[in-house]
>>> print(open('entry-v8.pdb').read())   # PDB, C-alpha atoms
ATOM      1  CA  MET A   1      36.541 -10.524  -7.144
ATOM      2  CA  LEU A   2      35.574 -12.957  -4.430
ATOM      3  CA  ASP A   3      31.885 -13.078  -3.406
ATOM      4  CA  GLY A   4      32.615 -11.265  -0.141
ATOM      5  CA  ALA A   5      34.474  -8.477  -1.922
ATOM      6  CA  VAL A   6      31.696  -8.139  -4.501
ATOM      7  CA  SER A   7      29.110  -7.894  -1.743
ATOM      8  CA  GLU A   8      31.286  -5.425   0.172
ATOM      9  CA  SER A   9      31.485  -3.187  -2.863
ATOM     10  CA  ARG A  10      27.873  -3.556  -4.090
ATOM     11  CA  TYR A  11      26.339  -2.675  -0.726
ATOM     12  CA  ALA A  12      29.054  -0.218   0.429
ATOM     13  CA  ARG A  13      26.590   2.683   0.768
ATOM     14  CA  HIS A  14      24.344   0.547   2.995
ATOM     15  CA  HIS A  15      27.283  -0.680   5.070
ATOM     16  CA  ILE A  16      28.314   2.846   6.013
ATOM     17  CA  LEU A  17      24.746   3.909   6.818
ATOM     18  CA  PRO A  18      24.443   3.600  10.625
ATOM     19  CA  GLU A  19      20.777   2.518  10.502
ATOM     20  CA  ILE A  20      21.557  -0.394   8.144
ATOM     21  CA  GLY A  21      25.248  -1.312   8.420
ATOM     22  CA  LYS A  22      26.492  -4.858   7.889
ATOM     23  CA  THR A  23      23.878  -6.281  10.274
ATOM     24  CA  GLY A  24      21.019  -4.690   8.362
ATOM     25  CA  GLN A  25      22.537  -5.769   5.052
ATOM     26  CA  ASP A  26      22.764  -9.351   6.323
ATOM     27  CA  ARG A  27      19.072  -9.137   7.276
ATOM     28  CA  LEU A  28      18.228  -7.921   3.767
ATOM     29  CA  GLY A  29      20.251 -10.785   2.311
ATOM     30  CA  ALA A  30      18.398 -13.324   4.453
ATOM     31  CA  ALA A  31      14.945 -11.847   3.751
ATOM     32  CA  ARG A  32      12.274 -13.500   1.621
ATOM     33  CA  VAL A  33       9.870 -10.992   0.074
ATOM     34  CA  LEU A  34       6.884 -11.725  -2.174
ATOM     35  CA  VAL A  35       5.846  -8.916  -4.525
ATOM     36  CA  VAL A  36       2.351  -9.397  -5.952
ATOM     37  CA  GLY A  37       1.916  -7.319  -9.099
ATOM     38  CA  ALA A  38       4.791  -6.381 -11.423
ATOM     39  CA  GLY A  39       3.101  -3.274 -12.858
ATOM     40  CA  GLY A  40       3.359   0.394 -11.899
ATOM     41  CA  LEU A  41       4.093  -0.056  -8.185
ATOM     42  CA  GLY A  42       5.805  -3.417  -8.627
ATOM     43  CA  ALA A  43       8.371  -1.864 -10.984
ATOM     44  CA  PRO A  44      10.184   0.403  -8.487
ATOM     45  CA  VAL A  45       9.524  -1.999  -5.595
ATOM     46  CA  LEU A  46      11.226  -4.870  -7.449
ATOM     47  CA  LEU A  47      14.080  -2.763  -8.816
ATOM     48  CA  TYR A  48      14.963  -1.219  -5.444
ATOM     49  CA  LEU A  49      14.603  -4.457  -3.455
ATOM     50  CA  ALA A  50      16.786  -6.369  -5.923
ATOM     51  CA  ALA A  51      19.339  -3.541  -5.947
ATOM     52  CA  ALA A  52      19.270  -3.472  -2.128
ATOM     53  CA  GLY A  53      20.204  -7.155  -2.025
ATOM     54  CA  VAL A  54      16.998  -8.680  -0.685
ATOM     55  CA  GLY A  55      18.142 -12.300  -0.862
ATOM     56  CA  HIS A  56      14.996 -13.963  -2.146
ATOM     57  CA  ILE A  57      12.288 -12.202  -4.135
ATOM     58  CA  GLY A  58       9.082 -13.788  -5.400
ATOM     59  CA  ILE A  59       7.270 -12.074  -8.285
ATOM     60  CA  ALA A  60       3.614 -12.865  -8.993
ATOM     61  CA  ASP A  61       1.784 -11.426 -12.006
ATOM     62  CA  ASP A  62      -0.426 -12.981 -14.690
ATOM     63  CA  ASP A  63      -0.176 -10.138 -17.188
ATOM     64  CA  VAL A  64       1.930  -9.484 -20.281
ATOM     65  CA  VAL A  65       3.777  -6.264 -21.114
ATOM     66  CA  SER A  66       1.572  -3.868 -23.129
ATOM     67  CA  LEU A  67       2.555  -0.663 -24.896
ATOM     68  CA  SER A  68       0.295   1.394 -22.596
ATOM     69  CA  ASN A  69       2.219   0.037 -19.545
ATOM     70  CA  LEU A  70       5.549   1.554 -20.553
ATOM     71  CA  GLN A  71       4.624   5.168 -19.690
ATOM     72  CA  ARG A  72       5.015   4.208 -15.989
ATOM     73  CA  GLN A  73       6.133   0.571 -15.570
ATOM     74  CA  VAL A  74       9.840   1.333 -15.895
ATOM     75  CA  LEU A  75      10.892  -2.225 -15.073
ATOM     76  CA  HIS A  76       9.721  -3.363 -18.518
ATOM     77  CA  SER A  77      10.962  -2.397 -21.959
ATOM     78  CA  THR A  78       9.644  -2.116 -25.507
ATOM     79  CA  SER A  79      11.586  -5.243 -26.500
ATOM     80  CA  TRP A  80       9.464  -7.244 -24.018
ATOM     81  CA  LEU A  81       6.054  -6.331 -25.500
ATOM     82  CA  ASP A  82       3.472  -9.157 -25.290
ATOM     83  CA  GLN A  83       5.748 -11.280 -23.066
ATOM     84  CA  PRO A  84       4.896 -12.167 -19.453
ATOM     85  CA  LYS A  85       5.788  -9.437 -16.970
ATOM     86  CA  THR A  86       7.310 -12.047 -14.647
ATOM     87  CA  TYR A  87       9.853 -13.024 -17.336
ATOM     88  CA  SER A  88      10.671  -9.424 -18.212
ATOM     89  CA  ALA A  89      11.096  -8.684 -14.487
ATOM     90  CA  LEU A  90      13.250 -11.780 -13.922
ATOM     91  CA  GLU A  91      15.672 -10.854 -16.721
ATOM     92  CA  ARG A  92      15.939  -7.231 -15.614
ATOM     93  CA  LEU A  93      16.486  -8.106 -11.943
ATOM     94  CA  HIS A  94      19.047 -10.807 -12.742
ATOM     95  CA  ASP A  95      20.968  -8.294 -14.796
ATOM     96  CA  LEU A  96      20.709  -5.731 -11.998
ATOM     97  CA  ASN A  97      21.771  -8.139  -9.248
ATOM     98  CA  PRO A  98      22.821 -11.714 -10.127
ATOM     99  CA  GLY A  99      23.545 -12.440  -6.469
ATOM    100  CA  ILE A 100      19.908 -12.867  -5.368
ATOM    101  CA  ASP A 101      17.350 -15.669  -5.835
ATOM    102  CA  ILE A 102      14.180 -14.880  -7.741
ATOM    103  CA  ALA A 103      11.070 -17.038  -8.052
ATOM    104  CA  THR A 104       8.361 -16.232 -10.600
ATOM    105  CA  TYR A 105       4.659 -17.034 -10.340
ATOM    106  CA  PRO A 106       3.108 -16.165 -13.723
ATOM    107  CA  PHE A 107      -0.487 -16.532 -12.557
ATOM    108  CA  ARG A 108      -3.223 -14.549 -10.833
ATOM    109  CA  VAL A 109      -3.015 -14.820  -7.046
ATOM    110  CA  GLY A 110      -6.468 -15.932  -5.883
ATOM    111  CA  GLU A 111      -7.423 -17.409  -2.503
ATOM    112  CA  ALA A 112      -5.756 -20.793  -3.143
ATOM    113  CA  GLN A 113      -2.545 -19.372  -4.615
ATOM    114  CA  ALA A 114      -2.245 -16.792  -1.836
ATOM    115  CA  ALA A 115      -2.701 -19.477   0.824
ATOM    116  CA  SER A 116       0.032 -21.637  -0.694
ATOM    117  CA  LEU A 117       2.475 -18.751  -1.306
ATOM    118  CA  VAL A 118       2.473 -16.176   1.481
ATOM    119  CA  HIS A 119       3.588 -18.447   4.342
ATOM    120  CA  ARG A 120       6.879 -19.034   2.503
ATOM    121  CA  TYR A 121       7.783 -15.337   2.818
ATOM    122  CA  ASP A 122       8.766 -12.912   5.610
ATOM    123  CA  LEU A 123       7.006  -9.958   4.003
ATOM    124  CA  VAL A 124       4.374  -9.651   1.278
ATOM    125  CA  ILE A 125       4.171  -6.465  -0.801
ATOM    126  CA  ASP A 126       0.819  -5.708  -2.385
ATOM    127  CA  CYS A 127       1.232  -3.982  -5.744
ATOM    128  CA  THR A 128      -2.021  -5.339  -7.198
ATOM    129  CA  ASP A 129      -4.415  -3.263  -9.268
ATOM    130  CA  ASN A 130      -7.763  -4.209  -7.756
ATOM    131  CA  LEU A 131      -9.478  -4.152  -4.373
ATOM    132  CA  ASP A 132     -10.539  -7.809  -4.420
ATOM    133  CA  GLY A 133      -6.906  -8.883  -4.842
ATOM    134  CA  ARG A 134      -5.972  -6.727  -1.840
ATOM    135  CA  TYR A 135      -8.593  -8.419   0.363
ATOM    136  CA  VAL A 136      -7.395 -11.854  -0.798
ATOM    137  CA  LEU A 137      -3.789 -11.034   0.119
ATOM    138  CA  ASN A 138      -4.840  -9.509   3.446
ATOM    139  CA  ARG A 139      -6.807 -12.595   4.487
ATOM    140  CA  ALA A 140      -3.938 -14.905   3.516
ATOM    141  CA  CYS A 141      -1.333 -12.767   5.310
ATOM    142  CA  VAL A 142      -3.402 -12.505   8.519
ATOM    143  CA  LYS A 143      -3.888 -16.269   8.509
ATOM    144  CA  ALA A 144      -0.194 -16.967   7.878
ATOM    145  CA  ARG A 145       0.836 -14.175  10.307
ATOM    146  CA  VAL A 146       2.970 -12.495   7.636
ATOM    147  CA  PRO A 147       3.136  -8.677   7.472
ATOM    148  CA  LEU A 148       1.599  -7.031   4.400
ATOM    149  CA  LEU A 149       2.949  -3.788   2.951
ATOM    150  CA  SER A 150       0.171  -2.500   0.731
ATOM    151  CA  GLY A 151       0.243   0.396  -1.708
ATOM    152  CA  ALA A 152      -2.277   1.760  -4.191
ATOM    153  CA  ILE A 153      -2.384   4.569  -6.740
ATOM    154  CA  SER A 154      -4.847   6.408  -8.922
ATOM    155  CA  GLY A 155      -4.528   9.576 -10.957
ATOM    156  CA  TRP A 156      -2.095  11.706  -8.971
ATOM    157  CA  GLU A 157      -2.615  10.070  -5.581
ATOM    158  CA  GLY A 158      -1.382   7.135  -3.556
ATOM    159  CA  GLN A 159      -1.792   5.301  -0.250
ATOM    160  CA  ILE A 160       0.642   3.093   1.686
ATOM    161  CA  GLY A 161       0.108   1.038   4.844
ATOM    162  CA  LEU A 162       1.973  -1.735   6.670
ATOM    163  CA  TYR A 163      -0.554  -4.229   7.991
ATOM    164  CA  ASP A 164       0.880  -6.442  10.717
ATOM    165  CA  PRO A 165      -1.849  -7.277  13.261
ATOM    166  CA  VAL A 166       0.325  -9.916  14.950
ATOM    167  CA  HIS A 167       2.346  -6.992  16.293
ATOM    168  CA  GLY A 168      -0.633  -4.847  17.227
ATOM    169  CA  GLY A 169      -1.330  -2.795  14.115
ATOM    170  CA  PRO A 170      -4.490  -3.111  12.045
ATOM    171  CA  CYS A 171      -5.013  -5.397   9.068
ATOM    172  CA  PHE A 172      -6.081  -3.914   5.724
ATOM    173  CA  ALA A 173      -9.734  -4.790   6.439
ATOM    174  CA  CYS A 174      -9.652  -2.923   9.787
ATOM    175  CA  VAL A 175      -8.857   0.263   7.854
ATOM    176  CA  PHE A 176     -10.951  -0.467   4.754
ATOM    177  CA  PRO A 177     -13.749  -2.858   5.770
ATOM    178  CA  GLU A 178     -14.860  -5.137   2.997
ATOM    179  CA  VAL A 179     -18.142  -3.918   1.506
ATOM    180  CA  GLN A 180     -20.081  -6.534  -0.418
ATOM    181  CA  LYS A 181     -20.860  -4.870  -3.699
ATOM    182  CA  GLN A 182     -19.956  -4.948  -7.328
ATOM    183  CA  ARG A 183     -16.707  -3.132  -7.957
ATOM    184  CA  PRO A 184     -16.197  -2.611 -11.657
ATOM    185  CA  ILE A 185     -12.511  -2.292 -12.557
ATOM    186  CA  GLN A 186     -12.093   1.209 -13.921
ATOM    187  CA  THR A 187      -9.316   2.122 -16.274
ATOM    188  CA  LYS A 188      -8.278   5.474 -14.944
ATOM    189  CA  GLY A 189      -5.472   7.783 -15.877
ATOM    190  CA  VAL A 190      -2.268   7.786 -13.867
ATOM    191  CA  VAL A 191       0.644  10.192 -14.165
ATOM    192  CA  GLY A 192       3.803   8.292 -15.173
ATOM    193  CA  ALA A 193       6.025   9.284 -12.252
ATOM    194  CA  LEU A 194       3.395   8.583  -9.551
ATOM    195  CA  PRO A 195       4.129   4.845  -9.140
ATOM    196  CA  GLY A 196       7.787   5.889  -8.896
ATOM    197  CA  VAL A 197       7.026   8.077  -5.865
ATOM    198  CA  VAL A 198       4.678   5.625  -4.163
ATOM    199  CA  GLY A 199       6.529   2.427  -5.167
ATOM    200  CA  ALA A 200       9.936   3.778  -4.108
ATOM    201  CA  THR A 201       8.404   4.810  -0.758
ATOM    202  CA  MET A 202       7.083   1.250  -0.408
ATOM    203  CA  ALA A 203      10.528  -0.194  -1.209
ATOM    204  CA  LEU A 204      12.092   2.188   1.306
ATOM    205  CA  ASN A 205       9.690   1.068   4.017
ATOM    206  CA  ALA A 206      10.292  -2.590   3.161
ATOM    207  CA  ILE A 207      14.030  -2.005   3.602
ATOM    208  CA  LYS A 208      13.427  -0.216   6.937
ATOM    209  CA  HIS A 209      11.124  -3.010   8.099
ATOM    210  CA  ILE A 210      13.633  -5.747   7.236
ATOM    211  CA  ALA A 211      16.697  -3.909   8.543
ATOM    212  CA  GLY A 212      14.871  -2.704  11.649
ATOM    213  CA  ALA A 213      15.682   0.945  10.884
ATOM    214  CA  GLY A 214      13.755   3.982  12.090
ATOM    215  CA  ALA A 215      10.014   4.317  12.627
ATOM    216  CA  SER A 216       7.736   1.563  11.357
ATOM    217  CA  LEU A 217       4.701   2.282   9.172
ATOM    218  CA  ARG A 218       2.745  -0.200  11.309
ATOM    219  CA  GLY A 219      -0.396   1.564  12.543
ATOM    220  CA  LYS A 220       0.037   4.367   9.986
ATOM    221  CA  LEU A 221      -1.562   5.118   6.645
ATOM    222  CA  MET A 222       0.319   7.457   4.314
ATOM    223  CA  LEU A 223      -1.797   9.444   1.860
ATOM    224  CA  PHE A 224      -0.157  11.298  -1.042
ATOM    225  CA  ASP A 225      -1.864  13.844  -3.277
ATOM    226  CA  THR A 226       0.924  14.834  -5.648
ATOM    227  CA  LEU A 227      -1.297  17.147  -7.723
ATOM    228  CA  TRP A 228      -2.070  19.443  -4.788
ATOM    229  CA  ASN A 229       1.043  18.701  -2.681
ATOM    230  CA  GLU A 230      -1.045  17.316   0.171
ATOM    231  CA  GLN A 231       0.481  14.558   2.274
ATOM    232  CA  SER A 232      -0.949  13.027   5.443
ATOM    233  CA  VAL A 233       0.183  10.287   7.771
ATOM    234  CA  LEU A 234      -2.867   9.002   9.623
ATOM    235  CA  ASN A 235      -2.918   6.882  12.771
ATOM    236  CA  VAL A 236      -4.877   3.703  12.141
ATOM    237  CA  ALA A 237      -5.688   1.234  14.905
ATOM    238  CA  ARG A 238      -6.855  -2.375  14.971
ATOM    239  CA  ASP A 239     -10.601  -2.937  14.971
ATOM    240  CA  GLY A 240     -11.303  -5.559  17.630
ATOM    241  CA  THR A 241     -14.462  -6.577  15.754
ATOM    242  CA  CYS A 242     -12.676  -6.987  12.393
ATOM    243  CA  PRO A 243     -13.945 -10.214  10.778
ATOM    244  CA  VAL A 244     -10.474 -10.900   9.328
ATOM    245  CA  CYS A 245      -8.070 -10.283  12.229
ATOM    246  CA  GLY A 246     -10.391  -9.674  15.214
ATOM    247  CA  ASP A 247      -9.495 -12.976  16.878
ATOM    248  CA  ILE A 248      -5.791 -13.076  15.929
ATOM    249  CA  HIS A 249      -4.525 -12.842  19.501
ATOM    250  CA  PHE A 250      -7.023 -15.430  20.644
ATOM    251  CA  ARG A 251      -5.725 -17.708  17.901
ATOM    252  CA  GLU A 252      -2.160 -17.037  18.980
ATOM    253  CA  LYS A 253      -2.885 -18.049  22.566
ATOM    254  CA  ARG A 254      -4.770 -21.139  21.484
ATOM    255  CA  GLU A 255      -1.864 -22.249  19.316
ATOM    256  CA  CYS A 256       0.702 -21.817  22.105
TER     257      CYS A 256
ATOM    258  CA  MET B 257     -20.385  27.495  15.099
ATOM    259  CA  ALA B 258     -16.995  25.793  14.590
ATOM    260  CA  VAL B 259     -14.585  26.009  11.671
ATOM    261  CA  TYR B 260     -13.076  22.774  10.350
ATOM    262  CA  ASP B 261     -10.279  22.146   7.871
ATOM    263  CA  VAL B 262     -11.902  19.570   5.628
ATOM    264  CA  VAL B 263      -9.555  17.538   3.403
ATOM    265  CA  TYR B 264     -10.615  15.323   0.506
ATOM    266  CA  PHE B 265      -8.567  12.549  -1.108
ATOM    267  CA  ALA B 266      -8.798  10.458  -4.294
ATOM    268  CA  TRP B 267     -12.199  10.296  -6.011
ATOM    269  CA  VAL B 268     -13.818  12.260  -3.161
ATOM    270  CA  ARG B 269     -11.479  15.121  -4.088
ATOM    271  CA  GLU B 270     -12.132  14.584  -7.795
ATOM    272  CA  ARG B 271     -15.898  14.773  -7.362
ATOM    273  CA  ILE B 272     -15.844  17.818  -5.081
ATOM    274  CA  GLY B 273     -13.173  19.484  -7.168
ATOM    275  CA  LEU B 274     -10.831  20.781  -4.476
ATOM    276  CA  PRO B 275      -8.333  19.202  -2.088
ATOM    277  CA  ARG B 276      -9.091  21.174   1.068
ATOM    278  CA  GLU B 277     -11.422  23.862   2.344
ATOM    279  CA  GLN B 278     -12.498  25.541   5.553
ATOM    280  CA  VAL B 279     -16.056  24.731   6.528
ATOM    281  CA  GLU B 280     -18.122  26.602   9.098
ATOM    282  CA  SER B 281     -20.571  24.257  10.672
ATOM    283  CA  THR B 282     -22.880  23.683  13.629
ATOM    284  CA  ALA B 283     -22.504  19.902  13.162
ATOM    285  CA  THR B 284     -21.785  17.945  16.331
ATOM    286  CA  HIS B 285     -20.932  14.634  14.616
ATOM    287  CA  VAL B 286     -19.269  13.613  11.345
ATOM    288  CA  THR B 287     -22.624  12.403   9.966
ATOM    289  CA  ASP B 288     -24.117  15.873  10.515
ATOM    290  CA  LEU B 289     -21.189  17.493   8.704
ATOM    291  CA  VAL B 290     -21.607  15.075   5.790
ATOM    292  CA  ARG B 291     -25.351  15.884   5.698
ATOM    293  CA  GLU B 292     -24.595  19.626   5.591
ATOM    294  CA  LEU B 293     -22.015  19.192   2.823
ATOM    295  CA  THR B 294     -24.321  16.907   0.837
ATOM    296  CA  ALA B 295     -27.079  19.564   0.949
ATOM    297  CA  ARG B 296     -24.726  22.241  -0.450
ATOM    298  CA  GLU B 297     -24.363  21.211  -4.083
ATOM    299  CA  PRO B 298     -24.737  18.144  -6.306
ATOM    300  CA  ARG B 299     -20.937  17.624  -6.456
ATOM    301  CA  TYR B 300     -20.866  17.067  -2.670
ATOM    302  CA  ALA B 301     -23.928  14.812  -2.900
ATOM    303  CA  ALA B 302     -22.102  12.798  -5.588
ATOM    304  CA  ALA B 303     -18.996  12.487  -3.432
ATOM    305  CA  PHE B 304     -20.913  11.283  -0.368
ATOM    306  CA  ALA B 305     -23.531   9.197  -2.201
ATOM    307  CA  ASP B 306     -22.110   5.995  -0.711
ATOM    308  CA  PRO B 307     -20.530   6.743   2.679
ATOM    309  CA  SER B 308     -19.698   3.041   3.187
ATOM    310  CA  ALA B 309     -16.982   3.501   0.541
ATOM    311  CA  ILE B 310     -15.336   6.402   2.413
ATOM    312  CA  ARG B 311     -13.310   6.524   5.657
ATOM    313  CA  VAL B 312     -12.846   9.556   7.845
ATOM    314  CA  ALA B 313      -9.878  10.703   9.940
ATOM    315  CA  LEU B 314     -10.259  13.311  12.707
ATOM    316  CA  ASP B 315      -7.050  15.216  13.456
ATOM    317  CA  GLN B 316      -5.097  12.440  11.644
ATOM    318  CA  ASP B 317      -6.689   9.595  13.623
ATOM    319  CA  LEU B 318      -8.852   7.060  11.762
ATOM    320  CA  SER B 319     -12.392   7.446  13.081
ATOM    321  CA  HIS B 320     -16.054   6.752  12.293
ATOM    322  CA  PHE B 321     -18.943   8.705  10.804
ATOM    323  CA  ASP B 322     -20.789   8.542  14.134
ATOM    324  CA  ALA B 323     -17.864  10.164  16.006
ATOM    325  CA  THR B 324     -18.224  13.552  17.696
ATOM    326  CA  LEU B 325     -16.521  16.627  16.263
ATOM    327  CA  ASP B 326     -15.954  18.106  19.702
ATOM    328  CA  GLY B 327     -12.475  19.682  19.790
ATOM    329  CA  VAL B 328     -11.659  18.498  16.247
ATOM    330  CA  ARG B 329      -9.839  20.825  13.822
ATOM    331  CA  GLU B 330      -9.208  18.677  10.732
ATOM    332  CA  VAL B 331     -11.603  16.256   9.073
ATOM    333  CA  ALA B 332     -10.183  14.122   6.218
ATOM    334  CA  PHE B 333     -12.314  11.980   3.924
ATOM    335  CA  PHE B 334     -10.600   9.234   1.910
ATOM    336  CA  PRO B 335     -11.668   6.081   0.046
ATOM    337  CA  PRO B 336      -9.543   2.972  -0.476
ATOM    338  CA  MET B 337      -7.534   3.333  -3.654
ATOM    339  CA  THR B 338      -7.302   0.370  -5.982
ATOM    340  CA  GLY B 339      -4.782   0.973  -8.783
ATOM    341  CA  GLY B 340      -1.291  -0.424  -8.894
TER     342      GLY B 340
END
>>> encode(input="entry-v8.pdb", output="structure tokens")
Amino acid sequence: MLDGAVSESRYARHHILPEIGKTGQDRLGAARVLVVGAGGLGAPVLLYLAAAGVGHIGIADDDVVSLSNLQRQVLHSTSWLDQPKTYSALERLHDLNPGIDIATYPFRVGEAQAASLVHRYDLVIDCTDNLDGRYVLNRACVKARVPLLSGAISGWEGQIGLYDPVHGGPCFACVFPEVQKQRPIQTKGVVGALPGVVGATMALNAIKHIAGAGASLRGKLMLFDTLWNEQSVLNVARDGTCPVCGDIHFREKREC
Amino acid sequence: MAVYDVVYFAWVRERIGLPREQVESTATHVTDLVRELTAREPRYAAAFADPSAIRVALDQDLSHFDATLDGVREVAFFPPMTGG
């Protein structure tokens, strides 16, 4: 088949969806999305974005595939044990959709790496497993004026927010102000299907954001409690005194 | 005396041991409600030991611990989650 025919067939169910259509599919194909963390949340996010035809995907993760990951990180397989998650992800996504570009960053994204990476992307998706990493990504995204779709899970629960202060919503630090204290990384239990629910919802909202479909998650925080079937969508506003994004509009004017 | 639907998420819910309850209270502000809950039992005191780690939403709007409860029906307490 010719490339056009392949694309027509692969994305047929998007093309006939009024909220996406060929225009939305073209936007997905032109989009550059950086996914930080190829673990529990990163697995469904990467699989669904690659399947949806997001044209350029960056994958950052410094970890290797462990046996205890496979109960929930469905992107990886037993045959990839002890190998870098970025390589396992690259192979799986190439097999799923050879028509997209994928860049791998097999290192931990600290301040310097975040600053050099995020400005190359249209959207950054936070699938990290620690709060410090989330603050690092938030600061870099605010500075580079790139929206940040951030998700987190623990036990049976999850949270998702789209932080895009350039367009009036809050940044991550407006909603969860940074508290200077020791935060030991706790290894907690997590039910295997939970990152599927939360990660697929993140992928769905990334697709909506890129295609311009439906209601944005900007200014909202979704909370899921899958054990007790509680779900809330909270309204979250920018904090004008936020040390991270408080002066973003001032900066915008100064730059113009 | 007002009755509030109080909702707990993540480790706040784990420490208190239930996802939601109705609370009768004379509290006028969120801080007063937290003080009343904390005085109830050690599990509430454990959940609210460090309020700087918890955010509050009043009727689904992100708010602050010093906000008034006037006219509010639902109070939700939630911390940032960290796992991925």
>>> atom_distance(input="entry-v8.pdb", atom1="atom CA of B:Gly339", atom2="atom CA of A:Ala152")
5.3 Å
>>> resolve_selection(input="entry-v8.pdb", expression="the ChimeraX specification (/A :<9) & /B", output="ChimeraX atom specification")
/B:265-267,274-276,308-311,313,315-319,334-340
>>> resolve_selection(input="entry-v8.pdb", expression="the PyMOL selection byres ((chain B and resi 307) around 12)", output="list in words")
Val179 of chain A; Val268, Val286, Thr287, Val290, Arg291, Thr294, Tyr300, Ala301, Ala302, Ala303, Phe304, Ala305, Asp306, Ser308, Ala309, Ile310, Arg311, Val312, His320, Phe321, Asp322, Phe333, Phe334 and Pro335 of chain B
>>> residues_around(input="entry-v8.pdb", residues="B:Gln278", least_positions_apart="6", cutoff="8 Å", atoms="only C-alpha atoms", output="list of chain:residue names")
B:Val259, B:Tyr260, B:Asp261, B:Val262
>>> atom_distance(input="entry-v8.pdb", atom1="atom CA of A:His119", atom2="atom CA of A:Ala140")
8.4 Å
>>> decode(input="entry-v8.pdb", residues="stretch 218-231 of chain A", atoms="N, CA and C atoms", output="JSON list (two decimals), in the first residue's frame")
[["chain", "number", "residue", "atom", "x", "y", "z"],
["A", 218, "ARG", "N", -7.42, 21.74, 31.36],
["A", 218, "ARG", "CA", -6.75, 22.92, 31.91],
["A", 218, "ARG", "C", -7.64, 23.50, 33.01],
["A", 219, "GLY", "N", -7.03, 23.79, 34.17],
["A", 219, "GLY", "CA", -7.83, 24.34, 35.28],
["A", 219, "GLY", "C", -8.66, 23.30, 36.02],
["A", 220, "LYS", "N", -8.41, 22.02, 35.73],
["A", 220, "LYS", "CA", -9.13, 20.93, 36.42],
["A", 220, "LYS", "C", -8.12, 19.97, 37.03],
["A", 221, "LEU", "N", -8.53, 19.32, 38.09],
["A", 221, "LEU", "CA", -7.73, 18.23, 38.66],
["A", 221, "LEU", "C", -8.67, 17.05, 38.84],
["A", 222, "MET", "N", -8.36, 15.95, 38.13],
["A", 222, "MET", "CA", -9.19, 14.74, 38.27],
["A", 222, "MET", "C", -8.61, 13.89, 39.39],
["A", 223, "LEU", "N", -9.48, 13.43, 40.29],
["A", 223, "LEU", "CA", -9.07, 12.52, 41.36],
["A", 223, "LEU", "C", -9.85, 11.22, 41.19],
["A", 224, "PHE", "N", -9.14, 10.10, 41.19],
["A", 224, "PHE", "CA", -9.79, 8.79, 41.08],
["A", 224, "PHE", "C", -9.51, 7.99, 42.34],
["A", 225, "ASP", "N", -10.55, 7.42, 42.93],
["A", 225, "ASP", "CA", -10.36, 6.42, 43.99],
["A", 225, "ASP", "C", -11.08, 5.17, 43.51],
["A", 226, "THR", "N", -10.32, 4.27, 42.89],
["A", 226, "THR", "CA", -10.95, 3.11, 42.24],
["A", 226, "THR", "C", -11.40, 2.07, 43.25],
["A", 227, "LEU", "N", -10.84, 2.12, 44.48],
["A", 227, "LEU", "CA", -11.25, 1.14, 45.50],
["A", 227, "LEU", "C", -12.68, 1.43, 45.97],
["A", 228, "TRP", "N", -12.98, 2.71, 46.14],
["A", 228, "TRP", "CA", -14.28, 3.11, 46.70],
["A", 228, "TRP", "C", -15.18, 3.77, 45.66],
["A", 229, "ASN", "N", -14.78, 3.69, 44.38],
["A", 229, "ASN", "CA", -15.58, 4.25, 43.28],
["A", 229, "ASN", "C", -15.90, 5.73, 43.48],
["A", 230, "GLU", "N", -14.93, 6.47, 44.03],
["A", 230, "GLU", "CA", -15.09, 7.91, 44.17],
["A", 230, "GLU", "C", -14.33, 8.58, 43.03],
["A", 231, "GLN", "N", -14.93, 9.55, 42.38],
["A", 231, "GLN", "CA", -14.22, 10.29, 41.35],
["A", 231, "GLN", "C", -14.63, 11.75, 41.47]]
